[in-house]
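Next comes work01.cif, with mmCIF, C-alpha atoms.
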```cif
data_target
#
loop_
_atom_site.label_atom_id
_atom_site.label_comp_id
_atom_site.auth_asym_id
_atom_site.auth_seq_id
_atom_site.Cartn_x
_atom_site.Cartn_y
_atom_site.Cartn_z
CA MET A 22 60.44 -36.30 -8.15
CA GLY A 23 63.02 -33.52 -8.37
CA ASN A 24 60.37 -31.20 -7.04
CA ILE A 25 60.00 -33.32 -3.90
CA ILE A 26 63.74 -33.30 -3.26
CA VAL A 27 63.77 -29.52 -3.58
CA ILE A 28 60.97 -29.27 -1.03
CA ILE A 29 62.76 -31.56 1.43
CA PHE A 30 66.14 -29.83 1.20
CA GLY A 31 64.54 -26.42 1.15
CA ALA A 32 62.56 -27.03 4.32
CA ILE A 33 65.39 -28.68 6.25
CA PHE A 34 68.39 -26.55 5.31
CA ILE A 35 67.71 -23.52 3.17
CA ASN A 36 64.55 -22.23 4.79
CA ASN A 37 64.98 -23.94 8.14
CA PHE A 38 61.92 -23.10 10.19
CA VAL A 39 63.78 -22.01 13.28
CA LEU A 40 67.00 -20.64 11.92
CA SER A 41 65.84 -18.84 8.77
CA ARG A 42 62.14 -18.27 9.22
CA PHE A 43 62.39 -17.73 13.00
CA LEU A 44 59.26 -19.72 13.78
CA GLY A 45 58.79 -21.83 16.91
CA LEU A 46 61.43 -20.05 18.94
CA CYS A 47 59.69 -20.64 22.28
CA PRO A 48 60.14 -24.44 22.35
CA TYR A 49 63.51 -23.93 20.65
CA PHE A 50 64.89 -22.32 23.81
CA GLY A 51 62.54 -23.98 26.26
CA VAL A 52 63.19 -27.62 25.38
CA SER A 53 66.83 -27.55 24.32
CA LYS A 54 68.52 -28.30 27.62
CA LYS A 55 68.96 -32.02 26.97
CA VAL A 56 69.41 -33.93 23.71
CA GLU A 57 67.01 -36.63 24.92
CA THR A 58 64.08 -34.31 25.56
CA SER A 59 64.79 -32.34 22.40
CA ILE A 60 64.45 -35.53 20.36
CA GLY A 61 61.15 -36.22 22.13
CA MET A 62 59.96 -32.74 21.31
CA GLY A 63 61.06 -33.20 17.70
CA MET A 64 59.02 -36.40 17.43
CA ALA A 65 55.95 -34.71 18.86
CA VAL A 66 56.33 -31.75 16.49
CA THR A 67 56.77 -34.07 13.50
CA PHE A 68 53.63 -35.95 14.39
CA VAL A 69 51.49 -32.86 15.00
CA MET A 70 52.81 -30.98 11.96
CA THR A 71 52.00 -33.85 9.60
CA MET A 72 48.54 -34.36 11.06
CA ALA A 73 47.84 -30.64 11.07
CA SER A 74 48.98 -30.25 7.45
CA LEU A 75 46.72 -33.06 6.35
CA VAL A 76 43.63 -31.71 8.10
CA THR A 77 44.21 -28.05 7.28
CA TRP A 78 44.92 -28.80 3.61
CA LEU A 79 41.67 -30.75 3.31
CA LEU A 80 39.75 -28.01 5.13
CA GLU A 81 41.19 -25.28 2.93
CA TRP A 82 40.32 -26.95 -0.38
CA PHE A 83 37.04 -28.62 0.58
CA VAL A 84 35.52 -26.12 3.02
CA LEU A 85 37.10 -22.68 2.80
CA VAL A 86 37.73 -22.30 -0.95
CA PRO A 87 34.32 -23.54 -2.17
CA ASN A 88 32.64 -21.09 0.23
CA ASN A 89 35.01 -18.18 -0.50
CA LEU A 90 36.04 -18.07 3.14
CA GLN A 91 39.83 -17.85 2.73
CA TYR A 92 39.90 -14.83 5.04
CA LEU A 93 38.97 -17.18 7.92
CA ARG A 94 42.05 -19.29 7.26
CA THR A 95 44.14 -18.25 10.28
CA ILE A 96 41.44 -18.64 12.87
CA VAL A 97 40.20 -21.93 11.41
CA PHE A 98 43.71 -23.35 11.34
CA ILE A 99 44.35 -22.33 14.94
CA LEU A 100 41.10 -24.03 15.91
CA VAL A 101 42.06 -27.17 14.02
CA ILE A 102 45.54 -27.39 15.48
CA ALA A 103 44.36 -26.81 19.04
CA ALA A 104 41.62 -29.41 18.73
CA LEU A 105 43.96 -31.85 17.03
CA VAL A 106 46.60 -31.61 19.74
CA GLN A 107 43.96 -32.13 22.41
CA PHE A 108 42.62 -35.13 20.54
CA VAL A 109 46.05 -36.64 20.08
CA GLU A 110 46.79 -36.11 23.76
CA ILE A 111 43.60 -37.85 24.86
CA VAL A 112 44.11 -40.80 22.54
CA MET A 113 47.80 -41.13 23.34
CA ARG A 114 47.14 -41.15 27.07
CA LYS A 115 44.92 -44.18 26.60
CA VAL A 116 46.73 -46.04 23.84
CA ALA A 117 50.38 -45.28 24.56
CA PRO A 118 50.79 -44.14 28.18
CA ALA A 119 54.56 -44.55 28.02
CA LEU A 120 54.82 -42.16 25.08
CA TYR A 121 52.39 -39.81 26.83
CA GLU A 122 54.60 -39.71 29.93
CA ALA A 123 57.71 -39.23 27.78
CA LEU A 124 56.28 -36.30 25.81
CA GLY A 125 54.69 -34.87 28.93
CA ILE A 126 54.32 -31.11 28.72
CA PHE A 127 55.65 -30.89 25.14
CA LEU A 128 52.41 -32.00 23.55
CA PRO A 129 50.23 -29.19 24.95
CA LEU A 130 53.11 -26.79 24.30
CA ILE A 131 52.83 -27.53 20.60
CA THR A 132 49.24 -26.24 20.58
CA THR A 133 50.58 -22.72 20.54
CA ASN A 134 53.63 -23.42 18.44
CA CYS A 135 53.70 -20.96 15.56
CA ALA A 136 55.84 -23.34 13.47
CA VAL A 137 52.87 -25.68 13.14
CA LEU A 138 50.56 -22.87 12.07
CA GLY A 139 53.35 -21.63 9.80
CA VAL A 140 53.57 -24.94 7.96
CA ALA A 141 49.82 -25.11 7.52
CA ILE A 142 49.61 -21.60 6.10
CA LEU A 143 52.72 -21.92 3.90
CA ASN A 144 51.26 -25.11 2.37
CA ILE A 145 48.33 -23.07 1.12
CA GLN A 146 50.27 -19.94 0.17
CA ILE A 147 52.83 -21.83 -1.93
CA GLY A 148 50.04 -23.91 -3.45
CA TYR A 149 51.27 -27.41 -2.72
CA ASN A 150 49.11 -30.41 -3.53
CA LEU A 151 48.30 -32.80 -0.69
CA PHE A 152 51.33 -35.05 -1.14
CA GLU A 153 53.72 -32.11 -1.44
CA ALA A 154 52.14 -30.54 1.64
CA LEU A 155 52.72 -33.69 3.69
CA VAL A 156 56.33 -33.96 2.50
CA PHE A 157 56.85 -30.29 3.30
CA ALA A 158 55.43 -30.78 6.81
CA VAL A 159 57.66 -33.77 7.58
CA ALA A 160 60.72 -31.98 6.20
CA ALA A 161 59.94 -28.80 8.13
CA ALA A 162 59.59 -30.83 11.32
CA ALA A 163 62.86 -32.61 10.54
CA GLY A 164 64.53 -29.23 10.12
CA PHE A 165 63.05 -28.09 13.44
CA THR A 166 64.29 -31.26 15.15
CA LEU A 167 67.73 -30.87 13.59
CA ALA A 168 68.08 -27.30 14.84
CA LEU A 169 66.77 -28.31 18.26
CA VAL A 170 69.14 -31.26 18.64
CA ILE A 171 72.14 -29.20 17.51
CA LEU A 172 71.39 -26.50 20.06
CA ALA A 173 70.71 -29.07 22.79
CA GLY A 174 74.01 -30.80 22.05
CA ILE A 175 75.94 -27.54 22.27
CA ARG A 176 74.15 -26.52 25.46
CA GLU A 177 74.85 -29.90 27.05
CA ARG A 178 78.56 -29.48 26.42
CA LEU A 179 78.57 -25.91 27.67
CA GLU A 180 77.05 -27.11 30.94
CA LEU A 181 80.54 -28.09 32.11
CA ALA A 182 82.41 -25.19 30.58
CA PHE A 183 83.31 -22.10 32.55
CA ILE A 184 81.19 -19.25 31.27
CA SER A 185 81.26 -15.69 32.44
CA ARG A 186 78.34 -15.09 34.79
CA HIS A 187 76.68 -12.56 32.53
CA PHE A 188 76.49 -14.96 29.60
CA ARG A 189 75.08 -17.98 31.44
CA GLY A 190 71.70 -19.46 30.53
CA VAL A 191 69.41 -17.94 27.93
CA ALA A 192 71.86 -15.17 27.01
CA LEU A 193 74.40 -17.64 25.69
CA SER A 194 71.67 -19.75 24.08
CA LEU A 195 70.53 -16.74 22.09
CA ILE A 196 74.08 -16.06 20.93
CA ILE A 197 74.53 -19.71 19.91
CA ALA A 198 71.23 -19.64 18.06
CA GLY A 199 72.37 -16.52 16.23
CA ILE A 200 75.62 -18.17 15.14
CA LEU A 201 73.74 -21.30 14.08
CA SER A 202 71.39 -19.12 12.11
CA ILE A 203 74.32 -17.47 10.33
CA ALA A 204 75.70 -20.95 9.56
CA PHE A 205 72.41 -22.02 8.04
CA MET A 206 72.26 -18.81 6.03
CA GLY A 207 75.19 -20.32 4.15
CA PHE A 208 72.73 -22.62 2.39
CA GLN A 209 70.84 -19.63 1.06
CA GLY A 210 70.91 -19.47 -2.73
CA MET A 211 71.91 -23.12 -3.12
CA MET A 212 68.81 -23.89 -5.13
CA MET B 27 28.66 -13.69 6.45
CA LEU B 28 26.06 -16.35 7.25
CA ILE B 29 28.15 -19.03 5.59
CA ALA B 30 31.17 -17.90 7.57
CA ILE B 31 29.28 -18.13 10.85
CA ILE B 32 27.80 -21.50 9.98
CA SER B 33 31.04 -23.05 8.80
CA LEU B 34 33.17 -21.70 11.67
CA GLY B 35 30.52 -22.56 14.23
CA GLY B 36 30.02 -25.92 12.61
CA LEU B 37 33.72 -26.68 12.71
CA GLY B 38 33.86 -25.64 16.35
CA LEU B 39 30.91 -27.86 17.17
CA LEU B 40 32.38 -30.73 15.19
CA PHE B 41 35.73 -30.54 16.94
CA GLY B 42 34.05 -30.09 20.30
CA GLY B 43 31.97 -33.17 19.61
CA ILE B 44 34.99 -35.19 18.56
CA LEU B 45 36.89 -34.14 21.68
CA ALA B 46 33.92 -34.92 23.93
CA PHE B 47 33.55 -38.30 22.28
CA ALA B 48 37.27 -39.01 22.55
CA SER B 49 37.42 -38.07 26.21
CA GLN B 50 34.57 -40.52 26.88
CA LYS B 51 35.86 -43.27 24.65
CA PHE B 52 39.49 -42.99 25.68
CA ALA B 53 38.94 -42.11 29.33
CA VAL B 54 41.80 -43.32 31.49
CA GLU B 55 40.82 -45.05 34.71
CA VAL B 56 42.22 -43.08 37.61
CA ASP B 57 42.00 -44.26 41.20
CA PRO B 58 39.03 -42.22 42.50
CA ARG B 59 40.81 -41.83 45.80
CA VAL B 60 43.45 -39.70 44.11
CA GLU B 61 40.81 -37.16 43.24
CA MET B 62 39.31 -37.29 46.73
CA VAL B 63 42.72 -36.76 48.33
CA GLN B 64 43.39 -33.90 45.98
CA GLU B 65 40.16 -32.24 47.02
CA ALA B 66 41.14 -32.60 50.67
CA LEU B 67 44.38 -30.72 50.04
CA LEU B 68 44.56 -26.95 50.09
CA GLY B 69 45.45 -26.72 46.42
CA ALA B 70 48.02 -23.97 46.62
CA ASN B 71 50.70 -26.11 44.91
CA CYS B 72 53.20 -24.68 47.38
CA GLY B 73 55.57 -27.63 47.13
CA ALA B 74 56.21 -27.86 50.88
CA CYS B 75 55.61 -31.63 50.65
CA GLY B 76 58.52 -32.06 48.26
CA TYR B 77 56.43 -33.06 45.23
CA ALA B 78 55.75 -31.12 42.06
CA GLY B 79 52.28 -30.04 43.14
CA CYS B 80 49.12 -31.06 44.97
CA SER B 81 48.03 -33.54 42.31
CA LYS B 82 51.40 -35.29 42.32
CA PHE B 83 51.35 -35.46 46.12
CA ALA B 84 47.84 -36.95 46.01
CA GLU B 85 49.02 -39.64 43.59
CA GLU B 86 52.00 -40.48 45.74
CA VAL B 87 49.96 -40.62 48.94
CA VAL B 88 47.47 -43.03 47.41
CA ALA B 89 50.34 -45.11 46.03
CA GLY B 90 51.77 -45.23 49.55
CA ASN B 91 55.00 -43.41 48.73
CA ALA B 92 54.30 -40.21 50.62
CA PRO B 93 53.41 -39.89 54.31
CA LEU B 94 49.81 -39.10 55.22
CA GLY B 95 50.84 -35.95 57.05
CA GLY B 96 53.10 -34.83 54.21
CA CYS B 97 51.00 -31.76 53.48
CA THR B 98 52.61 -29.19 55.78
CA PRO B 99 50.13 -26.36 55.15
CA GLY B 100 47.14 -28.66 55.69
CA GLY B 101 48.51 -29.87 59.02
CA ALA B 102 46.69 -32.31 61.24
CA LYS B 103 43.27 -31.58 59.76
CA THR B 104 44.27 -32.53 56.23
CA ALA B 105 46.23 -35.55 57.45
CA ALA B 106 43.08 -36.76 59.22
CA ARG B 107 40.97 -36.26 56.08
CA ILE B 108 43.48 -38.15 53.95
CA ALA B 109 43.64 -40.95 56.52
CA GLU B 110 39.85 -41.17 56.44
CA ILE B 111 39.80 -41.42 52.64
CA LEU B 112 42.47 -44.10 52.60
CA GLY B 113 40.99 -45.94 55.60
CA GLN B 114 44.13 -45.59 57.70
CA VAL B 115 44.84 -44.20 61.14
CA ALA B 116 45.91 -40.59 61.19
CA PRO B 117 49.48 -40.14 62.38
CA GLU B 118 50.42 -38.07 65.41
CA THR B 119 51.37 -34.69 64.10
CA GLU B 120 53.92 -32.32 65.49
CA ALA B 121 53.05 -28.87 66.79
CA ARG B 122 51.91 -26.42 64.14
CA LEU B 123 54.56 -24.02 62.95
CA VAL B 124 53.87 -20.47 61.83
CA ALA B 125 56.10 -17.83 60.33
CA GLN B 126 57.18 -15.03 62.66
CA LEU B 127 58.89 -11.84 61.57
CA VAL B 128 62.02 -11.41 63.70
CA CYS B 129 62.60 -7.68 63.25
CA LEU B 130 60.88 -4.60 64.63
CA GLY B 131 62.93 -2.11 62.67
CA ASP B 132 60.26 -0.21 60.76
CA CYS B 133 60.99 3.22 59.35
CA SER B 134 60.15 4.98 62.63
CA VAL B 135 62.74 3.17 64.77
CA ALA B 136 65.47 1.91 62.42
CA LYS B 137 67.86 4.16 60.55
CA ASP B 138 68.71 3.90 56.86
CA LYS B 139 72.21 4.24 55.50
CA PHE B 140 71.10 5.40 52.05
CA ILE B 141 67.93 5.87 50.02
CA TYR B 142 67.23 2.91 47.76
CA HIS B 143 65.59 3.62 44.41
CA GLY B 144 66.19 0.29 42.71
CA VAL B 145 63.92 -2.63 41.88
CA PRO B 146 61.42 -2.87 44.74
CA ASP B 147 62.40 -6.34 45.82
CA CYS B 148 64.38 -7.46 48.87
CA LYS B 149 66.64 -9.80 46.91
CA ALA B 150 67.54 -7.04 44.46
CA ALA B 151 68.13 -4.54 47.27
CA MET B 152 70.26 -7.09 49.10
CA MET B 153 72.71 -7.15 46.21
CA TYR B 154 73.25 -3.44 46.61
CA SER B 155 75.64 -3.48 49.60
CA GLY B 156 73.16 -5.41 51.69
CA GLY B 157 70.19 -3.10 51.33
CA SER B 158 69.40 0.36 52.68
CA LYS B 159 68.85 -0.51 56.36
CA ALA B 160 71.66 0.69 58.60
CA CYS B 161 71.28 -2.50 60.64
CA ARG B 162 72.77 -5.27 58.58
CA PHE B 163 70.36 -7.81 60.09
CA GLY B 164 67.18 -5.80 59.64
CA CYS B 165 64.17 -6.43 57.43
CA LEU B 166 64.44 -4.55 54.15
CA GLY B 167 60.67 -4.16 53.97
CA LEU B 168 60.30 -4.48 50.20
CA GLY B 169 57.77 -7.28 50.43
CA THR B 170 59.38 -10.28 48.77
CA CYS B 171 57.84 -12.50 51.47
CA ALA B 172 54.38 -11.01 50.88
CA ARG B 173 54.65 -11.77 47.17
CA VAL B 174 55.76 -15.39 47.55
CA CYS B 175 53.15 -16.28 50.18
CA PRO B 176 50.70 -18.61 48.41
CA PHE B 177 48.06 -18.10 51.09
CA ASP B 178 47.91 -14.27 51.24
CA ALA B 179 48.92 -14.39 54.90
CA ILE B 180 51.46 -11.59 54.60
CA THR B 181 50.69 -7.93 54.03
CA MET B 182 53.05 -4.98 54.16
CA SER B 183 52.38 -2.33 56.82
CA GLU B 184 52.62 1.40 56.07
CA LYS B 185 55.81 1.55 58.08
CA GLY B 186 57.44 -0.97 55.79
CA LEU B 187 57.37 -4.25 57.68
CA PRO B 188 55.46 -7.38 56.74
CA ILE B 189 52.53 -8.35 58.94
CA ILE B 190 52.03 -12.10 59.13
CA ASP B 191 48.51 -13.30 59.77
CA ALA B 192 49.09 -16.34 62.01
CA ASP B 193 45.62 -17.68 61.27
CA LYS B 194 46.20 -17.73 57.54
CA CYS B 195 49.82 -18.93 57.81
CA THR B 196 50.12 -22.61 57.10
CA GLY B 197 53.81 -23.01 57.85
CA CYS B 198 54.94 -23.79 54.31
CA ALA B 199 58.11 -21.75 54.98
CA LYS B 200 58.18 -20.17 51.52
CA CYS B 201 58.61 -16.72 53.03
CA ARG B 202 61.48 -17.86 55.24
CA ASN B 203 63.24 -19.38 52.27
CA SER B 204 62.74 -16.31 50.10
CA CYS B 205 63.96 -13.76 52.68
CA PRO B 206 67.52 -12.65 51.88
CA LYS B 207 67.98 -11.28 55.40
CA GLN B 208 66.50 -14.40 57.02
CA VAL B 209 64.40 -12.37 59.42
CA ILE B 210 61.53 -14.86 59.34
CA ASP B 211 61.57 -17.80 61.74
CA MET B 212 59.23 -20.76 61.82
CA ILE B 213 58.07 -21.00 65.43
CA ASN B 214 55.56 -22.92 67.49
CA ALA B 215 52.12 -21.47 66.80
CA ARG B 216 51.20 -21.55 70.49
CA THR B 217 53.99 -19.15 71.43
CA PHE B 218 52.97 -15.50 71.63
CA HIS B 219 56.21 -13.89 72.81
CA TYR B 220 59.37 -13.87 70.80
CA VAL B 221 62.60 -11.87 70.64
CA ARG B 222 61.93 -9.83 67.53
CA CYS B 223 65.53 -9.12 66.55
CA LYS B 224 68.27 -10.96 64.72
CA SER B 225 71.17 -8.62 65.37
CA THR B 226 74.28 -10.25 66.80
CA ASP B 227 76.05 -6.90 66.94
CA LYS B 228 77.28 -5.50 70.25
CA GLY B 229 74.77 -3.44 72.22
CA LYS B 230 76.39 -0.14 71.34
CA GLN B 231 76.23 -0.77 67.60
CA VAL B 232 72.60 -1.90 67.86
CA ARG B 233 71.69 1.29 69.74
CA GLU B 234 73.22 3.39 66.99
CA VAL B 235 71.03 1.98 64.21
CA CYS B 236 67.77 0.87 65.84
CA GLU B 237 65.64 1.88 68.82
CA ARG B 238 64.20 -1.56 69.43
CA GLY B 239 66.99 -4.00 68.61
CA CYS B 240 68.20 -6.60 71.12
CA ILE B 241 71.35 -5.37 72.87
CA GLY B 242 72.09 -8.68 74.51
CA CYS B 243 71.74 -7.40 78.09
CA GLY B 244 70.46 -10.77 79.30
CA ILE B 245 67.77 -9.43 81.65
CA CYS B 246 65.16 -11.66 80.02
CA VAL B 247 67.38 -14.72 80.43
CA LYS B 248 67.68 -14.11 84.18
CA ASN B 249 63.96 -13.47 84.62
CA CYS B 250 62.52 -16.35 82.59
CA PRO B 251 60.92 -18.82 85.03
CA GLN B 252 60.92 -21.56 82.37
CA LYS B 253 64.57 -21.09 81.39
CA ALA B 254 63.36 -20.93 77.80
CA ILE B 255 65.63 -18.02 76.85
CA ARG B 256 69.31 -18.24 76.10
CA LEU B 257 71.88 -15.68 75.04
CA GLU B 258 73.94 -16.38 71.92
CA ASN B 259 76.26 -13.86 70.26
CA ASN B 260 74.71 -10.83 72.00
CA LEU B 261 71.23 -11.98 71.05
CA ALA B 262 68.48 -13.42 73.24
CA ILE B 263 66.68 -16.40 71.73
CA ILE B 264 63.40 -17.86 73.03
CA ASP B 265 62.84 -21.56 72.51
CA SER B 266 59.24 -21.52 71.35
CA PHE B 267 58.71 -25.12 72.40
CA ILE B 268 59.64 -24.47 76.06
CA CYS B 269 58.01 -21.05 76.42
CA ASN B 270 54.67 -21.12 78.28
CA ASN B 271 53.62 -17.56 77.42
CA CYS B 272 53.99 -16.19 80.97
CA GLY B 273 54.96 -12.81 79.56
CA LYS B 274 57.65 -12.05 82.14
CA CYS B 275 60.27 -11.33 79.48
CA VAL B 276 58.00 -8.79 77.77
CA GLU B 277 57.74 -6.85 81.02
CA VAL B 278 61.45 -6.79 81.78
CA CYS B 279 62.89 -6.11 78.31
CA PRO B 280 64.34 -2.58 78.47
CA ARG B 281 64.19 -2.12 74.69
CA ASP B 282 60.72 -3.58 74.02
CA THR B 283 62.35 -6.08 71.69
CA ILE B 284 60.28 -8.94 73.03
CA VAL B 285 56.68 -8.67 71.89
#
```

structure tokens encoding of this file:
Amino acid sequence: MGNIIVIIFGAIFINNFVLSRFLGLCPYFGVSKKVETSIGMGMAVTFVMTMASLVTWLLEWFVLVPNNLQYLRTIVFILVIAALVQFVEIVMRKVAPALYEALGIFLPLITTNCAVLGVAILNIQIGYNLFEALVFAVAAAAGFTLALVILAGIRERLELAFISRHFRGVALSLIIAGILSIAFMGFQGMM
Amino acid sequence: MLIAIISLGGLGLLFGGILAFASQKFAVEVDPRVEMVQEALLGANCGACGYAGCSKFAEEVVAGNAPLGGCTPGGAKTAARIAEILGQVAPETEARLVAQLVCLGDCSVAKDKFIYHGVPDCKAAMMYSGGSKACRFGCLGLGTCARVCPFDAITMSEKGLPIIDADKCTGCAKCRNSCPKQVIDMINARTFHYVRCKSTDKGKQVREVCERGCIGCGICVKNCPQKAIRLENNLAIIDSFICNNCGKCVEVCPRDTIV
């Protein structure tokens, strides 16, 4: 049980995917203009990460390892994630059109999100069992959402502030992200 | 090696199969007319209609929220096709508009005030004390309009002015909106003659910087049988909806500004 708690805290705070591992930076800056959309993106990432972890973990241990094909891991995982996102998109459009409209462009964006691939590969490299892998995926996604919502909240407030012309937009976002990253580095060495 | 090929290929096939199955099983019913309308559109996603793209416009037209003639580039032809698909009467459309370059100051007739070596883009050059042209109204000739044109109707001549192909121009006005000097006007496509200058400077100043700029002498205004030309701020302006292409102004213009 203690092990699980370590995984959760580690993935959310200590090794936050965006702020310490620097994965998934594209959606981090692309979808952090509004808190509302950033929460939507967080939900989508959570969903896809968990599904992807499940499928890739099963593939690794039941297809790749028995055949000594670990060197194909990256390409197989990319294939899986891309197909999975497509599948989820098709099903969601039919079953939950409202959610489909709400997530909109975010879902296909996740196809090429390196954070998802990162989770899948880290699961294998660290050697988690299936349950640990799923917990790790959910926690990593929670960490991603947390970082995204924090940045979106700050950016929303800065919308109304007077900012020197040269710092407006992405420039300031990058600086904020850097400061946030330093803040999260404070957790380093906690466990 | 063989196992690798089989397993990777197998996985690809499997996922492909699943996706094919899912797209059949979970297919969403879309009004077939939306697709037909979309095919009737030009598909440049220029945004002149005010919607996010051609597919969005098609949806809105079928839903009855957008006007049948909303596709500016498509004009009357597209409006008629859409009306046919939806079983409605095509609306009367206004005269077709095309983009017209309103400057003749290429490198052989217009002077420069400095040599510009910056980013080759009109908007960038504009920030640098209004660009290198000595005439502050003149075309900078760096081709921003040619790059934004979604229909490839604009090419840059060797002398550094855009050439607008009126047949390819659909009147989406993207070039006009992108031009920092605003030397592109949207005019009636049936009009051949137009005062190709935007300078409101006094005649003397125009003479100093350009050989073909309008000096505001007013000879064309006096000679126009249709009274389609007026003089505003030292600049002759032809109303392209009154002009009947008689060509009198072209003959009398002492500076060859009207072409």

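The list of residues with at least one atom within 10 Å of Gly96 (chain B), based on only C-alpha atoms and without residues fewer than 2 positions apart in the same chain, reads B:Ala74, B:Cys75, B:Gly76, B:Tyr77, B:Phe83, B:Ala84, B:Val87, B:Ala92, B:Pro93, B:Leu94, B:Thr98, B:Pro99, B:Gly100, B:Gly101, B:Ala102, B:Thr104, B:Ala105.
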
For those residues, write C-alpha atoms to a file as a CSV table (one decimal), in the coordinates of the input.
```
chain,number,residue,atom,x,y,z
B,74,ALA,CA,56.2,-27.9,50.9
B,75,CYS,CA,55.6,-31.6,50.6
B,76,GLY,CA,58.5,-32.1,48.3
B,77,TYR,CA,56.4,-33.1,45.2
B,83,PHE,CA,51.4,-35.5,46.1
B,84,ALA,CA,47.8,-37.0,46.0
B,87,VAL,CA,50.0,-40.6,48.9
B,92,ALA,CA,54.3,-40.2,50.6
B,93,PRO,CA,53.4,-39.9,54.3
B,94,LEU,CA,49.8,-39.1,55.2
B,98,THR,CA,52.6,-29.2,55.8
B,99,PRO,CA,50.1,-26.4,55.2
B,100,GLY,CA,47.1,-28.7,55.7
B,101,GLY,CA,48.5,-29.9,59.0
B,102,ALA,CA,46.7,-32.3,61.2
B,104,THR,CA,44.3,-32.5,56.2
B,105,ALA,CA,46.2,-35.6,57.4
```

Please define a box with edges along x, y and z of the file around all atoms of region 139-153 of chain A given in the file, extend it by 3 Å on each side, and return its centre and edge lengths in Å to one decimal, as lines of an AutoDock Vina configuration file.
```
center_x = 51.0
center_y = -27.5
center_z = 3.1
size_x = 11.4
size_y = 21.1
size_z = 19.3
```

Original post:
Which polymer residues, protein or nucleic acid, are no farther than 12 Å from (36.7, -29.5, 24.2), counting all atoms listed in the file, as a ChimeraX atom specification?
Top reply: /A:100-101,103-108,111 /B:38-50

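For the pair CA of Ala66 (chain B) and CA of Cys97 (chain B), the separation is 10.3 Å.
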
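Any residue of chain A with an atom no more than 10 Å from chain B counts as a contact; using all atoms listed in the file, that gives Leu80, Val84, Leu85, Asn88, Asn89, Leu90, Gln91, Tyr92, Leu93, Ile96, Val97, Leu100, Val101, Ala103, Ala104, Leu105, Gln107, Phe108, Val109, Glu110, Ile111, Val112, Met113, Arg114, Lys115, Val116 and Pro118 of chain A.
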
**OP:** Give me the residues within 12 Å of Pro251 (chain B) as a ChimeraX atom specification, counting only C-alpha atoms and dropping any in the same chain fewer than 2 places off.
**Re:** /B:246-249,253-255,268-275

Write the residues of the selection above to a file with C-alpha atoms, as an mmCIF file, keeping the file's coordinate frame.
```cif
data_model
loop_
_atom_site.group_PDB
_atom_site.id
_atom_site.type_symbol
_atom_site.label_atom_id
_atom_site.label_comp_id
_atom_site.auth_asym_id
_atom_site.auth_seq_id
_atom_site.Cartn_x
_atom_site.Cartn_y
_atom_site.Cartn_z
ATOM 1 C CA CYS B 246 65.160 -11.660 80.020
ATOM 2 C CA VAL B 247 67.380 -14.720 80.430
ATOM 3 C CA LYS B 248 67.680 -14.110 84.180
ATOM 4 C CA ASN B 249 63.960 -13.470 84.620
ATOM 5 C CA LYS B 253 64.570 -21.090 81.390
ATOM 6 C CA ALA B 254 63.360 -20.930 77.800
ATOM 7 C CA ILE B 255 65.630 -18.020 76.850
ATOM 8 C CA ILE B 268 59.640 -24.470 76.060
ATOM 9 C CA CYS B 269 58.010 -21.050 76.420
ATOM 10 C CA ASN B 270 54.670 -21.120 78.280
ATOM 11 C CA ASN B 271 53.620 -17.560 77.420
ATOM 12 C CA CYS B 272 53.990 -16.190 80.970
ATOM 13 C CA GLY B 273 54.960 -12.810 79.560
ATOM 14 C CA LYS B 274 57.650 -12.050 82.140
ATOM 15 C CA CYS B 275 60.270 -11.330 79.480
#
```

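With CA of Pro188 (chain B) on one side and CA of Cys148 (chain B) on the other, the separation reads 11.9 Å.
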
**OP:** Please identify all polymer residues within 12 Å of Gly190 (chain A), counting only C-alpha atoms, omitting same-chain residues fewer than 4 positions from it, and present them as a list of chain:residue names.
**Re:** A:Phe50, A:Gly51, A:Ser53, A:Lys54, A:Arg176, A:Glu177, A:Leu179, A:Glu180, A:Ile184, A:Ser185, A:Arg186, A:Ser194, A:Leu195, A:Ile196, A:Ile197

**OP:** Go through A:Leu151, A:Ile171, A:Met72, A:Val86 and flag the residue nearest Ala204 (chain A), using all atoms listed in the file for the distances.
**Re:** A:Ile171

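CA of Ala262 (chain B) is found 9.3 Å from CA of Ile245 (chain B).
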
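Look at Thr58 (chain A): the protein and nucleic acid residues within 12 Å of it, using all atoms listed in the file and passing over chain neighbours fewer than 3 places away, are Pro48, Tyr49, Gly51, Val52, Ser53, Lys54, Lys55, Gly61, Met62, Gly63, Met64, Ala65, Glu122, Ala123, Leu124, Gly125, Ile126, Phe127, Thr166, Leu169, Val170, Ala173, Gly174 and Glu177 of chain A.
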
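The closest residue to Ile25 (chain A), picked from A:Asn134, A:Ser74, A:Asn150, A:Thr95 and counting all atoms listed in the file, is A:Asn150.
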
**OP:** Fewer than 6 positions away in the same chain doesn't count, so skip those; otherwise give me all residues within 10 Å of Asn37 (chain A), counting all atoms listed in the file, as a list in words.
**Re:** Phe30, Gly31, Phe43, Leu44, Ala160, Ala161, Ala162, Ala163, Gly164, Phe165, Leu167, Ala168, Ser202, Phe205, Met206 and Phe208 of chain A

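Proximity of B:Ile264, B:Ala160, B:Cys171, B:Cys165 to Asp132 (chain B), computed with only C-alpha atoms, is greatest for B:Cys165.
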
**OP:** Kindly indicate which residue among A:Phe188, A:Leu172, A:Val137, A:Met211 lies nearest to Val56 (chain A), using all atoms listed in the file for the distances.
**Re:** A:Leu172

Original post:
Of the candidates B:Gly164, B:Lys207, B:Pro146, B:Cys133, which shows the shortest atom-to-atom distance to Gly186 (chain B), using only C-alpha atoms?
Top reply: B:Cys133
